[in-house]
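Peer 1: The file below is work_16.csv, CSV, C-alpha atoms and all ligand atoms:
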chain,number,residue,atom,x,y,z
W,1,MET,CA,202.9,88.6,72.3
W,2,ASP,CA,203.1,86.2,69.4
W,3,ARG,CA,206.8,85.0,69.5
W,4,THR,CA,206.9,84.2,65.9
W,5,LEU,CA,206.6,87.8,64.9
W,6,PHE,CA,210.1,88.6,66.1
W,7,LEU,CA,212.7,85.8,66.0
W,8,HIS,CA,215.1,87.1,68.7
W,9,PRO,CA,213.4,90.2,70.0
W,10,THR,CA,215.4,92.8,71.9
W,11,MET,CA,213.3,95.5,73.5
W,12,SER,CA,212.6,99.1,72.8
W,13,GLU,CA,211.2,101.9,74.8
W,14,VAL,CA,207.9,103.2,73.3
W,15,ILE,CA,207.1,106.8,74.5
W,16,VAL,CA,204.0,108.6,73.4
W,17,LEU,CA,205.2,112.2,73.1
W,18,PHE,CA,201.8,113.6,72.2
W,19,ASP,CA,198.3,112.0,72.3
W,20,GLY,CA,196.5,112.6,69.1
W,21,PHE,CA,192.9,113.9,69.0
W,22,SER,CA,190.1,114.8,66.7
W,23,VAL,CA,186.9,116.7,67.3
W,24,MET,CA,184.3,118.0,64.9
W,25,ASN,CA,183.8,121.8,64.9
W,26,GLY,CA,180.4,122.0,63.3
W,27,LYS,CA,179.6,120.1,60.1
W,28,ASP,CA,182.5,120.9,57.8
W,29,GLU,CA,185.4,121.6,60.1
W,30,MET,CA,187.5,119.3,62.3
W,31,LYS,CA,190.2,120.1,64.8
W,32,ALA,CA,192.8,117.3,64.8
W,33,ASN,CA,196.4,116.4,65.4
W,34,CYS,CA,198.0,113.0,65.4
W,35,SER,CA,199.7,110.9,68.0
W,36,CYS,CA,203.4,111.4,67.9
W,37,THR,CA,205.6,108.5,69.3
W,38,LEU,CA,209.3,108.1,70.0
W,39,ILE,CA,210.9,104.6,70.0
W,40,LYS,CA,214.2,104.4,71.7
W,41,GLY,CA,216.4,101.2,71.4
W,42,ASP,CA,218.8,100.1,68.7
W,43,HIS,CA,217.6,103.0,66.7
W,44,ASN,CA,215.8,106.3,67.6
W,45,ILE,CA,212.6,106.3,65.6
W,46,ILE,CA,209.9,109.0,65.5
W,47,VAL,CA,206.5,108.0,64.2
W,48,ASP,CA,204.1,110.7,62.8
W,49,THR,CA,205.4,114.2,63.1
W,50,MET,CA,202.2,116.2,63.5
W,51,THR,CA,201.4,119.5,61.7
W,52,ALA,CA,203.9,121.9,60.3
W,53,TRP,CA,203.1,124.3,63.2
W,54,ASP,CA,204.4,121.8,65.8
W,55,SER,CA,208.1,121.9,65.4
W,56,GLU,CA,209.0,123.6,68.7
W,57,LYS,CA,206.7,121.2,70.6
W,58,ILE,CA,208.4,118.2,69.1
W,59,ILE,CA,212.0,119.6,69.6
W,60,ASP,CA,211.1,120.3,73.3
W,61,ALA,CA,209.5,116.9,73.8
W,62,LEU,CA,212.6,115.2,72.4
W,63,GLN,CA,214.9,117.3,74.5
W,64,LYS,CA,213.1,115.9,77.6
W,65,GLN,CA,214.2,112.5,76.3
W,66,ASN,CA,217.8,113.7,75.8
W,67,ILE,CA,217.5,113.4,72.0
W,68,ARG,CA,218.3,116.0,69.4
W,69,PRO,CA,216.6,115.8,66.0
W,70,ASP,CA,219.9,114.9,64.4
W,71,GLN,CA,220.0,111.8,66.6
W,72,ILE,CA,216.9,110.4,65.0
W,73,ASN,CA,217.6,107.4,62.7
W,74,TYR,CA,214.2,106.8,61.2
W,75,VAL,CA,211.1,109.0,60.6
W,76,VAL,CA,208.0,107.0,59.9
W,77,SER,CA,204.8,108.7,58.7
W,78,THR,CA,202.1,106.0,58.8
W,79,HIS,CA,200.6,107.8,55.8
W,80,GLY,CA,201.1,111.0,53.8
W,81,HIS,CA,198.4,113.3,55.3
W,82,SER,CA,199.5,116.7,56.4
W,83,ASP,CA,199.1,116.1,60.2
W,84,HIS,CA,201.4,113.1,60.0
W,85,ILE,CA,204.3,114.5,58.0
W,86,GLY,CA,204.5,118.1,59.2
W,87,ASN,CA,208.0,118.0,60.7
W,88,ASN,CA,209.8,115.3,58.8
W,89,ASN,CA,212.3,117.9,57.7
W,90,LEU,CA,213.6,118.3,61.3
W,91,PHE,CA,215.2,114.9,60.9
W,92,LEU,CA,217.9,115.2,58.2
W,93,ASN,CA,220.1,112.3,59.4
W,94,ALA,CA,217.1,109.9,59.3
W,95,LYS,CA,215.8,107.6,56.7
W,96,HIS,CA,212.3,108.7,55.9
W,97,ILE,CA,209.5,106.2,55.5
W,98,VAL,CA,206.2,107.8,54.4
W,99,GLY,CA,203.6,105.1,53.9
W,100,TYR,CA,205.1,102.8,51.3
W,101,SER,CA,207.8,105.2,50.3
W,102,VAL,CA,211.4,104.8,51.7
W,103,SER,CA,213.9,107.5,51.1
W,104,PHE,CA,217.1,109.3,52.2
W,105,LYS,CA,217.9,112.6,50.6
W,106,GLU,CA,217.3,112.1,46.9
W,107,ASN,CA,217.6,108.3,47.0
W,108,TYR,CA,214.5,106.2,46.9
W,109,TYR,CA,214.5,102.5,47.9
W,110,ALA,CA,212.1,100.0,46.5
W,111,HIS,CA,210.3,97.9,49.1
W,112,ALA,CA,207.4,95.6,48.3
W,113,PHE,CA,204.9,96.8,50.9
W,114,ASP,CA,202.3,96.4,48.2
W,115,LYS,CA,203.1,92.7,48.1
W,116,GLY,CA,202.6,92.5,51.9
W,117,GLU,CA,206.3,92.5,52.7
W,118,GLU,CA,207.3,93.7,56.1
W,119,TYR,CA,210.1,96.2,56.6
W,120,ILE,CA,212.5,95.3,59.4
W,121,ILE,CA,214.2,98.2,61.2
W,122,ASN,CA,215.9,96.1,63.9
W,123,SER,CA,215.2,93.1,66.2
W,124,SER,CA,212.4,94.9,68.1
W,125,VAL,CA,210.8,97.2,65.4
W,126,LYS,CA,209.2,96.4,62.1
W,127,LEU,CA,206.7,97.9,59.7
W,128,ILE,CA,203.8,96.1,58.1
W,129,PRO,CA,201.5,97.4,55.3
W,130,THR,CA,198.0,98.1,56.7
W,131,PRO,CA,196.2,99.8,53.8
W,132,GLY,CA,192.7,101.1,54.3
W,133,HIS,CA,192.7,104.7,55.5
W,134,THR,CA,194.9,105.4,52.5
W,135,LEU,CA,196.0,102.7,50.1
W,136,SER,CA,199.6,102.9,51.4
W,137,ASP,CA,199.3,103.1,55.2
W,138,VAL,CA,201.9,101.3,57.4
W,139,THR,CA,201.7,100.2,61.0
W,140,VAL,CA,204.8,100.1,63.2
W,141,LEU,CA,205.2,97.1,65.5
W,142,ALA,CA,207.6,97.4,68.5
W,143,VAL,CA,208.5,95.1,71.3
W,144,SER,CA,208.3,97.3,74.4
W,145,LYS,CA,210.4,97.0,77.6
W,146,ASP,CA,207.8,94.7,79.3
W,147,ALA,CA,207.9,92.4,76.2
W,148,ASP,CA,204.5,93.6,75.1
W,149,LEU,CA,203.8,94.2,71.4
W,150,VAL,CA,202.8,97.8,70.7
W,151,ALA,CA,201.2,98.7,67.4
W,152,ILE,CA,201.5,102.3,66.3
W,153,THR,CA,198.7,102.3,63.7
W,154,GLY,CA,198.2,105.8,62.4
W,155,ASP,CA,194.6,106.2,61.3
W,156,LEU,CA,194.0,102.5,60.8
W,157,PHE,CA,192.5,103.1,64.3
W,158,GLU,CA,191.3,106.7,64.8
W,159,LYS,CA,190.7,106.2,68.5
W,160,HIS,CA,189.6,103.5,71.0
W,161,GLU,CA,186.0,104.5,70.7
W,162,ASP,CA,186.0,103.6,67.0
W,163,ILE,CA,185.9,99.9,67.8
W,164,GLU,CA,182.4,100.2,69.3
W,165,ASN,CA,181.4,102.9,66.8
W,166,PRO,CA,183.0,102.2,63.4
W,167,SER,CA,181.3,105.4,62.0
W,168,ILE,CA,184.2,107.3,63.7
W,169,TRP,CA,186.9,105.8,61.5
W,170,LEU,CA,184.7,105.6,58.4
W,171,GLU,CA,183.9,109.3,58.7
W,172,ALA,CA,187.6,110.2,59.3
W,173,GLY,CA,188.0,108.9,55.7
W,174,SER,CA,188.8,105.5,54.3
W,175,ASP,CA,190.1,104.9,50.8
W,176,ASP,CA,189.3,101.1,51.1
W,177,SER,CA,187.0,100.3,54.0
W,178,VAL,CA,187.1,96.5,53.3
W,179,GLU,CA,190.9,96.4,53.5
W,180,GLN,CA,190.7,98.6,56.6
W,181,ILE,CA,188.4,96.3,58.4
W,182,LYS,CA,190.6,93.3,57.6
W,183,ASN,CA,193.8,95.1,58.8
W,184,ARG,CA,192.1,96.3,62.0
W,185,TYR,CA,191.3,92.7,62.8
W,186,LYS,CA,194.8,91.5,61.8
W,187,VAL,CA,196.6,94.1,64.0
W,188,ALA,CA,194.3,93.4,67.0
W,189,GLN,CA,195.2,89.7,66.8
W,190,ILE,CA,198.9,90.4,67.3
W,191,ALA,CA,199.1,93.6,69.4
W,192,ASP,CA,198.9,94.0,73.1
W,193,TRP,CA,198.6,97.7,72.9
W,194,ILE,CA,197.5,100.1,70.1
W,195,ILE,CA,198.6,103.7,69.7
W,196,PRO,CA,195.9,105.0,67.4
W,197,GLY,CA,196.2,108.0,65.0
W,198,HIS,CA,194.0,110.4,67.0
W,199,GLY,CA,193.5,109.1,70.5
W,200,GLN,CA,195.2,107.7,73.6
W,201,LYS,CA,197.1,104.4,73.7
W,202,PHE,CA,194.8,101.6,74.7
W,203,LYS,CA,195.0,97.9,75.7
W,204,VAL,CA,193.8,95.3,73.2
W,205,THR,CA,191.5,93.2,75.3
W,206,GLU,CA,189.7,90.0,74.3
W,207,GLU,CA,186.5,92.0,74.0
W,208,VAL,CA,188.3,94.3,71.5
W,209,ARG,CA,189.5,91.4,69.5
W,210,GLU,CA,186.1,89.8,69.5
W,211,LEU,CA,184.3,92.9,68.3
W,212,LEU,CA,186.8,93.4,65.5
W,213,ARG,CA,186.6,89.7,64.6
W,214,ARG,CA,182.8,90.1,64.3
W,215,GLN,CA,183.1,93.2,62.1
W,216,ALA,CA,185.6,91.4,59.9
W,217,GLY,CA,183.6,88.2,59.9
W,218,ASP,CA,181.1,89.1,57.2
W,219,ILE,CA,183.9,90.0,54.8
W,220,PHE,CA,185.9,86.8,55.3
W,221,LEU,CA,182.7,84.8,54.9
W,222,VAL,CA,182.0,86.5,51.6
W,223,GLN,CA,185.5,85.9,50.3
W,224,LYS,CA,185.6,82.1,51.1
N,301,ZN,ZN,195.4,111.6,60.8
So, in terms of structure tokens, how does the structure I just supplied come out?
Peer 2:
Amino acid sequence: MDRTLFLHPTMSEVIVLFDGFSVMNGKDEMKANCSCTLIKGDHNIIVDTMTAWDSEKIIDALQKQNIRPDQINYVVSTHGHSDHIGNNNLFLNAKHIVGYSVSFKENYYAHAFDKGEEYIINSSVKLIPTPGHTLSDVTVLAVSKDADLVAITGDLFEKHEDIENPSIWLEAGSDDSVEQIKNRYKVAQIADWIIPGHGQKFKVTEEVRELLRRQAGDIFLVQK
């Protein structure tokens, strides 16, 4: 892990409650749900709350971790699509961060994600803006118990396979593919593990970094 990212990191437990998935059902229909992740540490944080039909699943999964919904301090939806916000209303004691929007009840708090500013939750968890899939996606960075840096990226990465086959994330929808390529590269440089929006957690190997660097390379060359 890059030690400059967190000045005095404590550690959190990063638990994938549900692995996301996405499969095409014919040409115009897709079956999908997002990865749902719990971070336990100085705060209890839930990242991406699946579809509106998944509330019982989420409550049960949290119960296995001895956590009630009212004990969640932060809900983070990496972006505002329906499969990532479906159960935010289970968590009424939590601050809600949906993409670049930060709120509690009727109070909205300005934060300059659009200027690249990170949002620090505690000494082991922060959010960084990673636009691309939508123009206001965020990625959660957490220092895990083994001191690895885990990036919970939402749909910045659809699944591990989209590194070798970029058509997967492009076809999943990208509001700014150039920004998305840049942010995929950026996150891979700092993370040891990625929890993608619709696939299993995977290790960021040197091969992964090199592939993403090459995909980003053309863009950086053009901009110089
Ligand atoms: Zn999604």
Peer 1: For ligand ZN 301 (chain N), list the contacting residues at 9 Å or closer, counting all atoms listed in the file, as a list of chain:residue names.
Peer 2: W:Gly20, W:Phe21, W:Ser22, W:Ala32, W:Asn33, W:Cys34, W:Ser35, W:Asp48, W:Met50, W:Thr78, W:His79, W:His81, W:Ser82, W:Asp83, W:His84, W:Gly154, W:Asp155, W:Glu158, W:Ala172, W:Gly197, W:His198
Peer 1: May I ask which of the residues W:Ala94, W:Ala216, W:Ile190, W:Val23 is the closest one to Leu149 (chain W), counting all atoms listed in the file?
Peer 2: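 Going through W:Ala94, W:Ala216, W:Ile190, W:Val23 one by one, the smallest distance to Leu149 (chain W) is for W:Ile190.
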Peer 1: For a quick check of understanding, using only C-alpha atoms, which of W:Leu135, W:Val143, W:Leu156, W:Glu13 has the smallest distance to Asp192 (chain W)?
Peer 2: W:Val143
Peer 1: May I ask which of the residues W:Val76, W:Ile46, W:Ile128, W:Leu211 is the closest one to Leu17 (chain W), counting all atoms listed in the file?
Peer 2: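 With all atoms listed in the file as the atom set, the closest residue is W:Ile46.
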Peer 1: Find the distance between CA of Ala142 (chain W) and CA of Ala52 (chain W) and write it in Å to one decimal.
Peer 2: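 Rounded to one decimal, the two atoms are 26.1 Å apart.
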Peer 1: Measure the distance from CA of Asp175 (chain W) to CA of Tyr119 (chain W) in Å and round it to one decimal.
Peer 2: 22.6 Å
Peer 1: Could you tell me how far CA of Pro131 (chain W) lies from CA of Tyr109 (chain W), in Å and to one decimal?
Peer 2: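 Computing it gives 19.4 Å between the two atoms.
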Peer 1: With 8 Å added on each side, what axis-aligned box encloses every listed atom of region 65-73 of chain W? Give the centre and edge lengths in Å to one decimal, as JSON.
Peer 2:
{"center_x": 217.1, "center_y": 111.7, "center_z": 69.5, "size_x": 21.8, "size_y": 24.6, "size_z": 29.6}
